[in-house]
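K.L.:
Before we start, here is the structure in question, set down as structure tokens.
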Amino acid sequence: MSKVIRLAALYPNHLNLNGDLANLSILQKRLEWLGIASEVSFIEKPTDLSSFDVVLLGHGSRDAWAQLEEIDSELISKIVKLVNSGTRVMAVSSGYEQLVEALDGVVVKHSERVSEFKSHDGVVGYINSEAELEPIRWIEKSLLTLFHGPVFAKNPELADKFLGSLIAEGTSVQKEQLSE
């Protein structure tokens, strides 16, 4: 039996301001098309995240982040450990800001708000941010992006790149099963 790819949506009631959660639906559908089983878990309380293959840290308002600090004060430090261990994390907009500040140890600078549809290195999406960050940044197997909403819907190649070896491992397991 093949491995089930486990996807986690962190605090979707707080961190889904622009439909970021749809990125997991897109990943799940792409895995399904390849014959790879997956499941999505919605995390709403402090949880050990080490058993997940993919973790989504979405975008939320300042108030949402303040509430999350009270609910799960170790959230960002747990995500840093996941990124550093090679887990696939997708961090969107304010999630990107929170994570990169913890990873790099610097405060993200802000300037005039950019609110536009953009293309960056072949990836297209909508940015609505004051953060002075690259629209897309890769750290290990993790993707940090300022692009809002279901960016994988407009960029299926990006989704497959993000899934990376999970696709290769899953499809090779499927091929082995077919040849038995």
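Labels used: A, B, ... for chains in the order of the structure tokens, numbers from 1 for residues in each chain, and numbers from 1 for ligands as shown.
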Which residues, written as a ChimeraX atom specification, have at least one atom at most 7 Å from range 15-31 of chain A, with only C-alpha atoms counted and residues fewer than 4 positions away on the same chain left out?
P.N.:
/A:9,11,35-38,57-60,148-153,159
K.L.:
Excluding Gly86 in chain A and residues on its chain fewer than 6 positions from it, collect all residues at most 12 Å away from it, counting only C-alpha atoms, and give them as a list in words.
P.N.:
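Counting only C-alpha atoms, the residues come to Ser50, Phe52, Asp53, Val54, Val55, Ile79, Val80, Trp138, Ile139, Glu140, Lys141, Ser142, Leu143, Phe162, Gly164 and Ser165 of chain A.
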K.L.:
Selection from above, N, CA and C atoms, as a compact mmCIF listing (two decimals), in the first residue's frame, can you write it?
P.N.:
# COMPACT_ATOMS: atom_id res chain seq x y z
N SER A 50 4.98 17.35 13.06
CA SER A 50 6.06 16.58 12.43
C SER A 50 5.58 15.45 11.53
N PHE A 52 3.27 15.67 9.25
CA PHE A 52 2.70 16.19 8.00
C PHE A 52 3.77 16.34 6.93
N ASP A 53 3.38 16.06 5.69
CA ASP A 53 4.28 16.20 4.54
C ASP A 53 4.27 17.61 3.99
N VAL A 54 3.12 18.28 4.10
CA VAL A 54 2.92 19.63 3.59
C VAL A 54 2.15 20.42 4.63
N VAL A 55 2.61 21.66 4.89
CA VAL A 55 1.95 22.52 5.87
C VAL A 55 1.71 23.88 5.22
N ILE A 79 7.10 26.12 12.96
CA ILE A 79 7.19 26.17 11.50
C ILE A 79 8.65 26.33 11.07
N VAL A 80 9.42 27.13 11.79
CA VAL A 80 10.85 27.27 11.49
C VAL A 80 11.53 25.90 11.53
N TRP A 138 12.27 30.57 -2.07
CA TRP A 138 12.39 29.16 -1.69
C TRP A 138 13.41 29.04 -0.57
N ILE A 139 13.08 28.30 0.46
CA ILE A 139 14.01 27.94 1.52
C ILE A 139 13.86 26.44 1.71
N GLU A 140 14.94 25.72 1.45
CA GLU A 140 14.87 24.26 1.46
C GLU A 140 13.75 23.84 0.50
N LYS A 141 12.77 23.07 0.98
CA LYS A 141 11.65 22.64 0.14
C LYS A 141 10.42 23.52 0.33
N SER A 142 10.60 24.61 1.06
CA SER A 142 9.47 25.46 1.40
C SER A 142 9.34 26.65 0.45
N LEU A 143 8.10 27.04 0.21
CA LEU A 143 7.76 28.14 -0.67
C LEU A 143 7.13 29.25 0.15
N PHE A 162 6.63 22.42 -6.06
CA PHE A 162 6.50 22.42 -4.61
C PHE A 162 6.35 20.99 -4.08
N GLY A 164 7.35 18.31 -5.55
CA GLY A 164 8.66 17.71 -5.81
C GLY A 164 8.71 16.20 -5.65
N SER A 165 9.57 15.74 -4.76
CA SER A 165 9.80 14.31 -4.59
C SER A 165 8.59 13.57 -4.04
K.L.:
My list of candidates is A:Asp160, A:Glu116, A:Asp72, A:Glu101. Which is closest to Trp33 in chain A when distances are computed with only C-alpha atoms?
P.N.:
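Comparing A:Asp160, A:Glu116, A:Asp72, A:Glu101 against Trp33 in chain A, the winner is A:Asp160.
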K.L.:
Write down as a short mmCIF file (atom, residue, chain, number, x, y, z; two decimals) with all heavy atoms, in the first residue's frame the residues belonging to chain A that are assigned strand (DSSP E) by DSSP computed on the backbone.
P.N.:
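Output saved as states.cif:
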data_model
loop_
_atom_site.label_atom_id
_atom_site.label_comp_id
_atom_site.auth_asym_id
_atom_site.auth_seq_id
_atom_site.Cartn_x
_atom_site.Cartn_y
_atom_site.Cartn_z
N ILE A 5 -0.17 11.03 1.54
CA ILE A 5 0.46 12.32 1.73
C ILE A 5 -0.43 13.15 2.66
O ILE A 5 -1.61 13.34 2.38
CB ILE A 5 0.65 13.06 0.38
CG1 ILE A 5 1.45 12.20 -0.60
CG2 ILE A 5 1.29 14.43 0.60
CD1 ILE A 5 2.83 11.84 -0.16
N ARG A 6 0.15 13.62 3.76
CA ARG A 6 -0.62 14.35 4.77
C ARG A 6 -0.38 15.85 4.62
O ARG A 6 0.75 16.31 4.69
CB ARG A 6 -0.23 13.88 6.17
CG ARG A 6 -0.55 12.39 6.36
CD ARG A 6 -0.47 11.94 7.79
NE ARG A 6 -1.53 12.61 8.54
CZ ARG A 6 -1.38 13.08 9.77
NH1 ARG A 6 -0.24 12.96 10.40
NH2 ARG A 6 -2.38 13.66 10.39
N LEU A 7 -1.49 16.60 4.42
CA LEU A 7 -1.44 18.05 4.26
C LEU A 7 -2.13 18.71 5.45
O LEU A 7 -3.19 18.25 5.88
CB LEU A 7 -2.15 18.45 2.96
CG LEU A 7 -1.64 17.76 1.70
CD1 LEU A 7 -2.72 16.88 1.11
CD2 LEU A 7 -1.20 18.77 0.70
N ALA A 8 -1.54 19.78 5.97
CA ALA A 8 -2.11 20.47 7.13
C ALA A 8 -2.41 21.92 6.79
O ALA A 8 -1.56 22.63 6.26
CB ALA A 8 -1.16 20.41 8.31
N ALA A 9 -3.61 22.35 7.11
CA ALA A 9 -4.00 23.75 7.02
C ALA A 9 -3.98 24.32 8.43
O ALA A 9 -4.78 23.92 9.27
CB ALA A 9 -5.40 23.87 6.42
N LEU A 10 -3.04 25.23 8.69
CA LEU A 10 -2.90 25.78 10.03
C LEU A 10 -3.89 26.91 10.27
O LEU A 10 -3.91 27.89 9.53
CB LEU A 10 -1.47 26.29 10.24
CG LEU A 10 -0.38 25.24 10.10
CD1 LEU A 10 0.97 25.87 10.35
CD2 LEU A 10 -0.61 24.08 11.04
N SER A 38 -4.05 11.25 -0.53
CA SER A 38 -3.71 12.35 0.37
C SER A 38 -4.89 12.66 1.28
O SER A 38 -6.02 12.27 0.98
CB SER A 38 -3.31 13.60 -0.42
OG SER A 38 -4.41 14.07 -1.17
N GLU A 39 -4.59 13.37 2.36
CA GLU A 39 -5.64 13.81 3.26
C GLU A 39 -5.26 15.18 3.82
O GLU A 39 -4.08 15.47 4.02
CB GLU A 39 -5.87 12.82 4.40
CG GLU A 39 -4.68 12.66 5.32
CD GLU A 39 -4.89 11.59 6.39
OE1 GLU A 39 -5.67 10.65 6.17
OE2 GLU A 39 -4.24 11.70 7.45
N VAL A 40 -6.28 16.02 4.02
CA VAL A 40 -6.07 17.36 4.57
C VAL A 40 -6.59 17.39 6.00
O VAL A 40 -7.72 16.95 6.26
CB VAL A 40 -6.78 18.43 3.72
CG1 VAL A 40 -6.66 19.81 4.37
CG2 VAL A 40 -6.23 18.46 2.30
N SER A 41 -5.78 17.91 6.90
CA SER A 41 -6.20 18.11 8.29
C SER A 41 -6.25 19.61 8.56
O SER A 41 -5.38 20.36 8.14
CB SER A 41 -5.19 17.47 9.25
OG SER A 41 -5.14 16.08 9.06
N PHE A 42 -7.28 20.02 9.28
CA PHE A 42 -7.46 21.42 9.64
C PHE A 42 -7.05 21.57 11.10
O PHE A 42 -7.70 21.04 11.99
CB PHE A 42 -8.92 21.86 9.42
CG PHE A 42 -9.33 21.67 7.99
CD1 PHE A 42 -10.04 20.54 7.58
CD2 PHE A 42 -9.00 22.63 7.04
CE1 PHE A 42 -10.41 20.37 6.26
CE2 PHE A 42 -9.37 22.46 5.72
CZ PHE A 42 -10.06 21.33 5.32
N ILE A 43 -5.94 22.29 11.32
CA ILE A 43 -5.35 22.41 12.65
C ILE A 43 -5.86 23.70 13.28
O ILE A 43 -5.62 24.79 12.77
CB ILE A 43 -3.81 22.43 12.56
CG1 ILE A 43 -3.28 21.24 11.74
CG2 ILE A 43 -3.19 22.50 13.95
CD1 ILE A 43 -3.65 19.88 12.27
N VAL A 54 3.12 18.28 4.10
CA VAL A 54 2.92 19.63 3.59
C VAL A 54 2.15 20.42 4.63
O VAL A 54 1.16 19.94 5.19
CB VAL A 54 2.11 19.62 2.27
CG1 VAL A 54 1.79 21.02 1.80
CG2 VAL A 54 2.86 18.86 1.18
N VAL A 55 2.61 21.66 4.89
CA VAL A 55 1.95 22.52 5.87
C VAL A 55 1.71 23.88 5.22
O VAL A 55 2.62 24.46 4.62
CB VAL A 55 2.81 22.67 7.15
CG1 VAL A 55 2.20 23.68 8.10
CG2 VAL A 55 3.00 21.32 7.83
N LEU A 56 0.48 24.39 5.35
CA LEU A 56 0.12 25.70 4.82
C LEU A 56 0.00 26.70 5.97
O LEU A 56 -0.78 26.49 6.90
CB LEU A 56 -1.20 25.65 4.07
CG LEU A 56 -1.77 27.01 3.64
CD1 LEU A 56 -0.91 27.64 2.55
CD2 LEU A 56 -3.20 26.87 3.15
N LEU A 57 0.78 27.76 5.88
CA LEU A 57 0.70 28.89 6.81
C LEU A 57 0.15 30.05 5.99
O LEU A 57 0.88 30.69 5.24
CB LEU A 57 2.09 29.22 7.37
CG LEU A 57 2.17 30.35 8.39
CD1 LEU A 57 1.43 29.97 9.67
CD2 LEU A 57 3.62 30.67 8.70
N ARG A 88 7.82 20.44 3.56
CA ARG A 88 7.30 21.41 2.60
C ARG A 88 6.29 22.32 3.32
O ARG A 88 5.24 21.86 3.75
CB ARG A 88 6.63 20.71 1.44
CG ARG A 88 7.60 20.11 0.49
CD ARG A 88 6.93 19.14 -0.47
NE ARG A 88 7.89 18.62 -1.41
CZ ARG A 88 8.77 17.67 -1.13
NH1 ARG A 88 8.80 17.13 0.07
NH2 ARG A 88 9.63 17.25 -2.04
N VAL A 89 6.66 23.60 3.43
CA VAL A 89 5.79 24.60 4.04
C VAL A 89 5.49 25.63 2.97
O VAL A 89 6.39 26.09 2.28
CB VAL A 89 6.46 25.27 5.25
CG1 VAL A 89 5.61 26.43 5.78
CG2 VAL A 89 6.74 24.25 6.35
N MET A 90 4.22 25.99 2.84
CA MET A 90 3.86 27.12 2.00
C MET A 90 3.40 28.22 2.94
O MET A 90 2.45 28.04 3.71
CB MET A 90 2.73 26.78 1.03
CG MET A 90 2.35 27.95 0.15
SD MET A 90 0.96 27.56 -0.92
CE MET A 90 1.08 28.91 -2.09
N ALA A 91 4.09 29.37 2.89
CA ALA A 91 3.74 30.51 3.73
C ALA A 91 3.31 31.65 2.82
O ALA A 91 4.04 32.00 1.89
CB ALA A 91 4.93 30.93 4.59
N VAL A 92 2.13 32.20 3.07
CA VAL A 92 1.54 33.20 2.20
C VAL A 92 1.46 34.55 2.91
O VAL A 92 0.98 34.65 4.03
CB VAL A 92 0.12 32.77 1.76
CG1 VAL A 92 -0.51 33.80 0.85
CG2 VAL A 92 0.16 31.40 1.09
N HIS A 110 8.69 47.74 5.47
CA HIS A 110 7.45 48.03 4.75
C HIS A 110 7.58 49.38 4.06
O HIS A 110 8.21 50.29 4.58
CB HIS A 110 6.25 48.04 5.70
CG HIS A 110 5.96 46.67 6.24
ND1 HIS A 110 6.56 46.18 7.37
CD2 HIS A 110 5.12 45.71 5.80
CE1 HIS A 110 6.11 44.96 7.61
NE2 HIS A 110 5.24 44.65 6.66
N SER A 111 6.99 49.49 2.90
CA SER A 111 6.98 50.75 2.16
C SER A 111 5.57 50.94 1.59
O SER A 111 4.61 50.42 2.15
CB SER A 111 8.03 50.73 1.06
OG SER A 111 7.78 49.68 0.15
N GLU A 112 5.47 51.62 0.49
CA GLU A 112 4.16 51.86 -0.13
C GLU A 112 3.54 50.54 -0.57
O GLU A 112 4.21 49.66 -1.11
CB GLU A 112 4.35 52.78 -1.34
CG GLU A 112 3.03 53.23 -1.95
CD GLU A 112 3.26 54.26 -3.05
OE1 GLU A 112 4.16 55.11 -2.90
OE2 GLU A 112 2.53 54.19 -4.05
N ARG A 113 2.25 50.40 -0.32
CA ARG A 113 1.53 49.18 -0.66
C ARG A 113 1.55 48.93 -2.17
O ARG A 113 1.28 49.81 -2.97
CB ARG A 113 0.08 49.24 -0.18
CG ARG A 113 -0.75 48.00 -0.56
CD ARG A 113 -2.09 47.97 0.13
NE ARG A 113 -1.97 47.83 1.56
CZ ARG A 113 -1.77 46.67 2.20
NH1 ARG A 113 -1.64 45.56 1.53
NH2 ARG A 113 -1.69 46.65 3.51
N VAL A 114 1.87 47.70 -2.54
CA VAL A 114 1.76 47.24 -3.92
C VAL A 114 0.48 46.44 -3.99
O VAL A 114 0.26 45.51 -3.20
CB VAL A 114 2.97 46.35 -4.30
CG1 VAL A 114 2.76 45.73 -5.66
CG2 VAL A 114 4.25 47.15 -4.24
N SER A 115 -0.38 46.80 -4.91
CA SER A 115 -1.65 46.09 -5.09
C SER A 115 -1.84 45.90 -6.59
O SER A 115 -2.39 46.77 -7.27
CB SER A 115 -2.79 46.89 -4.48
OG SER A 115 -3.98 46.16 -4.53
N GLU A 116 -1.34 44.74 -7.08
CA GLU A 116 -1.40 44.52 -8.52
C GLU A 116 -1.20 43.05 -8.86
O GLU A 116 -0.66 42.28 -8.08
CB GLU A 116 -0.34 45.36 -9.23
CG GLU A 116 1.08 44.98 -8.88
CD GLU A 116 2.13 45.90 -9.49
OE1 GLU A 116 1.75 46.88 -10.17
OE2 GLU A 116 3.31 45.64 -9.29
N PHE A 117 -1.62 42.71 -10.07
CA PHE A 117 -1.36 41.42 -10.65
C PHE A 117 0.06 41.46 -11.19
O PHE A 117 0.42 42.40 -11.90
CB PHE A 117 -2.37 41.14 -11.77
CG PHE A 117 -2.35 39.73 -12.26
CD1 PHE A 117 -2.95 38.72 -11.53
CD2 PHE A 117 -1.72 39.42 -13.44
CE1 PHE A 117 -2.93 37.42 -11.98
CE2 PHE A 117 -1.68 38.11 -13.91
CZ PHE A 117 -2.30 37.11 -13.18
N LYS A 118 0.90 40.48 -10.82
CA LYS A 118 2.31 40.50 -11.21
C LYS A 118 2.75 39.15 -11.74
O LYS A 118 2.12 38.13 -11.48
CB LYS A 118 3.20 40.83 -10.01
CG LYS A 118 3.17 42.27 -9.56
CD LYS A 118 4.18 42.52 -8.49
CE LYS A 118 5.52 42.73 -9.15
NZ LYS A 118 6.47 43.52 -8.38
N SER A 119 3.87 39.20 -12.44
CA SER A 119 4.57 37.99 -12.87
C SER A 119 5.98 38.06 -12.30
O SER A 119 6.63 39.11 -12.34
CB SER A 119 4.62 37.93 -14.40
OG SER A 119 5.37 36.80 -14.80
N HIS A 120 6.43 36.96 -11.72
CA HIS A 120 7.78 36.91 -11.15
C HIS A 120 8.36 35.53 -11.46
O HIS A 120 7.81 34.51 -11.03
CB HIS A 120 7.73 37.15 -9.64
CG HIS A 120 9.08 37.08 -8.99
ND1 HIS A 120 9.98 38.10 -9.05
CD2 HIS A 120 9.67 36.08 -8.28
CE1 HIS A 120 11.07 37.77 -8.39
NE2 HIS A 120 10.91 36.54 -7.93
N VAL A 123 5.94 32.97 -12.61
CA VAL A 123 4.81 32.71 -11.72
C VAL A 123 3.93 33.96 -11.71
O VAL A 123 4.44 35.08 -11.56
CB VAL A 123 5.27 32.37 -10.29
CG1 VAL A 123 4.09 32.19 -9.36
CG2 VAL A 123 6.15 31.13 -10.30
N VAL A 124 2.62 33.77 -11.87
CA VAL A 124 1.71 34.91 -11.88
C VAL A 124 0.80 34.85 -10.66
O VAL A 124 0.47 33.79 -10.16
CB VAL A 124 0.86 34.97 -13.17
CG1 VAL A 124 1.73 35.20 -14.39
CG2 VAL A 124 0.02 33.71 -13.34
N GLY A 125 0.42 36.05 -10.20
CA GLY A 125 -0.48 36.12 -9.06
C GLY A 125 -0.75 37.55 -8.66
O GLY A 125 -0.25 38.49 -9.27
N TYR A 126 -1.55 37.70 -7.62
CA TYR A 126 -1.95 39.01 -7.14
C TYR A 126 -1.25 39.31 -5.82
O TYR A 126 -1.28 38.51 -4.89
CB TYR A 126 -3.47 39.06 -6.94
CG TYR A 126 -3.95 40.45 -6.61
CD1 TYR A 126 -4.08 41.40 -7.61
CD2 TYR A 126 -4.23 40.82 -5.30
CE1 TYR A 126 -4.49 42.69 -7.32
CE2 TYR A 126 -4.65 42.11 -5.00
CZ TYR A 126 -4.78 43.04 -6.02
OH TYR A 126 -5.18 44.32 -5.73
N ILE A 127 -0.61 40.47 -5.79
CA ILE A 127 0.07 40.93 -4.58
C ILE A 127 -0.67 42.15 -4.03
O ILE A 127 -1.02 43.05 -4.79
CB ILE A 127 1.54 41.31 -4.87
CG1 ILE A 127 2.33 40.07 -5.27
CG2 ILE A 127 2.18 41.99 -3.67
CD1 ILE A 127 3.77 40.34 -5.64
N ASN A 128 -0.90 42.15 -2.73
CA ASN A 128 -1.48 43.29 -2.04
C ASN A 128 -0.73 43.40 -0.71
O ASN A 128 -1.16 42.87 0.30
CB ASN A 128 -2.97 43.09 -1.83
CG ASN A 128 -3.62 44.31 -1.21
OD1 ASN A 128 -3.07 45.41 -1.23
ND2 ASN A 128 -4.80 44.12 -0.66
N SER A 129 0.43 44.07 -0.76
CA SER A 129 1.31 44.05 0.40
C SER A 129 2.19 45.29 0.46
O SER A 129 2.51 45.89 -0.57
CB SER A 129 2.21 42.81 0.33
OG SER A 129 3.13 42.79 1.39
N GLU A 130 2.61 45.62 1.66
CA GLU A 130 3.58 46.69 1.89
C GLU A 130 4.96 46.13 2.17
O GLU A 130 5.92 46.88 2.31
CB GLU A 130 3.13 47.53 3.10
CG GLU A 130 1.80 48.19 2.92
CD GLU A 130 1.21 48.71 4.24
OE1 GLU A 130 1.72 48.36 5.31
OE2 GLU A 130 0.23 49.47 4.16
N ALA A 131 5.07 44.82 2.29
CA ALA A 131 6.33 44.18 2.66
C ALA A 131 7.35 44.27 1.53
O ALA A 131 7.02 44.04 0.37
CB ALA A 131 6.09 42.72 3.01
N ILE A 136 8.44 35.65 -4.48
CA ILE A 136 8.57 34.22 -4.21
C ILE A 136 9.97 33.97 -3.68
O ILE A 136 10.96 34.47 -4.21
CB ILE A 136 8.35 33.39 -5.50
CG1 ILE A 136 6.90 33.48 -5.91
CG2 ILE A 136 8.81 31.96 -5.31
CD1 ILE A 136 6.45 32.48 -6.90
N ARG A 137 10.03 33.17 -2.64
CA ARG A 137 11.32 32.78 -2.08
C ARG A 137 11.26 31.30 -1.69
O ARG A 137 10.29 30.85 -1.08
CB ARG A 137 11.63 33.62 -0.83
CG ARG A 137 12.94 33.25 -0.19
CD ARG A 137 13.29 34.19 0.94
NE ARG A 137 14.47 33.71 1.65
CZ ARG A 137 14.89 34.19 2.80
NH1 ARG A 137 14.24 35.19 3.36
NH2 ARG A 137 15.95 33.70 3.38
N TRP A 138 12.27 30.57 -2.07
CA TRP A 138 12.39 29.16 -1.69
C TRP A 138 13.41 29.04 -0.57
O TRP A 138 14.48 29.63 -0.64
CB TRP A 138 12.87 28.31 -2.87
CG TRP A 138 11.84 28.15 -3.94
CD1 TRP A 138 11.70 28.93 -5.05
CD2 TRP A 138 10.81 27.17 -4.01
NE1 TRP A 138 10.63 28.49 -5.79
CE2 TRP A 138 10.08 27.41 -5.19
CE3 TRP A 138 10.44 26.12 -3.19
CZ2 TRP A 138 8.99 26.62 -5.57
CZ3 TRP A 138 9.35 25.33 -3.56
CH2 TRP A 138 8.65 25.58 -4.74
N ILE A 139 13.08 28.30 0.46
CA ILE A 139 14.01 27.94 1.52
C ILE A 139 13.86 26.44 1.71
O ILE A 139 12.77 25.97 2.08
CB ILE A 139 13.71 28.68 2.84
CG1 ILE A 139 13.81 30.19 2.66
CG2 ILE A 139 14.67 28.20 3.93
CD1 ILE A 139 13.43 30.99 3.88
N SER A 142 10.60 24.61 1.06
CA SER A 142 9.47 25.46 1.40
C SER A 142 9.34 26.65 0.45
O SER A 142 10.34 27.19 -0.03
CB SER A 142 9.61 25.97 2.84
OG SER A 142 9.50 24.88 3.73
N LEU A 143 8.10 27.04 0.21
CA LEU A 143 7.76 28.14 -0.67
C LEU A 143 7.13 29.25 0.15
O LEU A 143 6.12 29.06 0.81
CB LEU A 143 6.77 27.66 -1.74
CG LEU A 143 6.15 28.72 -2.64
CD1 LEU A 143 7.21 29.39 -3.50
CD2 LEU A 143 5.06 28.09 -3.51
N LEU A 144 7.75 30.43 0.08
CA LEU A 144 7.22 31.61 0.75
C LEU A 144 6.81 32.58 -0.35
O LEU A 144 7.58 32.80 -1.30
CB LEU A 144 8.28 32.26 1.64
CG LEU A 144 8.66 31.50 2.92
CD1 LEU A 144 9.29 30.16 2.66
CD2 LEU A 144 9.60 32.34 3.75
N THR A 145 5.59 33.12 -0.27
CA THR A 145 5.10 33.94 -1.37
C THR A 145 4.25 35.11 -0.88
O THR A 145 3.53 34.98 0.11
CB THR A 145 4.32 33.11 -2.40
OG1 THR A 145 3.91 33.95 -3.46
CG2 THR A 145 3.11 32.44 -1.78
#
K.L.:
Counting only C-alpha atoms, figure out which residue out of A:Leu99, A:Thr47, A:His14, A:Ala168 gets nearest to Asp63 in chain A.
P.N.:
A:His14
K.L.:
List every residue of range 81-111 of chain A that DSSP, applied to the backbone of this structure, places in helix (DSSP H, G or I), and write the result as a ChimeraX atom specification.
P.N.:
/A:81-85,94-104
K.L.:
Output N, CA and C atoms of each residue in that selection to a file, as a JSON list (two decimals), in the first residue's frame.
P.N.:
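Produced file selection.json, reproduced below:
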[["chain", "number", "residue", "atom", "x", "y", "z"],
["A", 81, "LYS", "N", 11.23, 25.10, 12.54],
["A", 81, "LYS", "CA", 11.82, 23.76, 12.66],
["A", 81, "LYS", "C", 11.41, 22.89, 11.47],
["A", 82, "LEU", "N", 10.16, 23.01, 11.03],
["A", 82, "LEU", "CA", 9.71, 22.23, 9.88],
["A", 82, "LEU", "C", 10.48, 22.62, 8.62],
["A", 83, "VAL", "N", 10.61, 23.92, 8.38],
["A", 83, "VAL", "CA", 11.35, 24.40, 7.21],
["A", 83, "VAL", "C", 12.78, 23.88, 7.25],
["A", 84, "ASN", "N", 13.41, 24.02, 8.39],
["A", 84, "ASN", "CA", 14.82, 23.59, 8.53],
["A", 84, "ASN", "C", 15.00, 22.09, 8.44],
["A", 85, "SER", "N", 13.93, 21.33, 8.71],
["A", 85, "SER", "CA", 14.03, 19.87, 8.62],
["A", 85, "SER", "C", 13.67, 19.35, 7.22],
["A", 94, "SER", "N", 1.29, 37.46, 5.01],
["A", 94, "SER", "CA", 1.67, 37.72, 6.40],
["A", 94, "SER", "C", 2.31, 36.48, 7.03],
["A", 95, "GLY", "N", 1.93, 35.29, 6.57],
["A", 95, "GLY", "CA", 2.60, 34.07, 7.02],
["A", 95, "GLY", "C", 4.06, 34.06, 6.59],
["A", 96, "TYR", "N", 4.32, 34.51, 5.37],
["A", 96, "TYR", "CA", 5.67, 34.68, 4.83],
["A", 96, "TYR", "C", 6.44, 35.67, 5.70],
["A", 97, "GLU", "N", 5.83, 36.81, 6.00],
["A", 97, "GLU", "CA", 6.51, 37.83, 6.82],
["A", 97, "GLU", "C", 6.88, 37.27, 8.19],
["A", 98, "GLN", "N", 5.92, 36.64, 8.85],
["A", 98, "GLN", "CA", 6.18, 36.07, 10.18],
["A", 98, "GLN", "C", 7.31, 35.06, 10.13],
["A", 99, "LEU", "N", 7.27, 34.19, 9.13],
["A", 99, "LEU", "CA", 8.25, 33.12, 9.03],
["A", 99, "LEU", "C", 9.64, 33.64, 8.68],
["A", 100, "VAL", "N", 9.73, 34.55, 7.72],
["A", 100, "VAL", "CA", 11.04, 35.04, 7.30],
["A", 100, "VAL", "C", 11.70, 35.87, 8.41],
["A", 101, "GLU", "N", 10.91, 36.57, 9.20],
["A", 101, "GLU", "CA", 11.49, 37.30, 10.33],
["A", 101, "GLU", "C", 12.11, 36.34, 11.34],
["A", 102, "ALA", "N", 11.43, 35.22, 11.59],
["A", 102, "ALA", "CA", 11.97, 34.23, 12.52],
["A", 102, "ALA", "C", 13.17, 33.50, 11.94],
["A", 103, "LEU", "N", 13.13, 33.19, 10.66],
["A", 103, "LEU", "CA", 14.23, 32.48, 10.02],
["A", 103, "LEU", "C", 15.48, 33.34, 9.86],
["A", 104, "ASP", "N", 15.28, 34.58, 9.41],
["A", 104, "ASP", "CA", 16.41, 35.46, 9.11],
["A", 104, "ASP", "C", 16.81, 36.35, 10.28]]
K.L.:
Measuring atom to atom with only C-alpha atoms, identify which of A:Gln67, A:Ser51, A:Ser93, A:Thr87 is nearest to Glu134 in chain A.
P.N.:
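Closest candidate: A:Ser93.
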K.L.:
Do you have the CA of Leu158 in chain A-CA of Glu44 in chain A distance handy?
P.N.:
27.2 Å
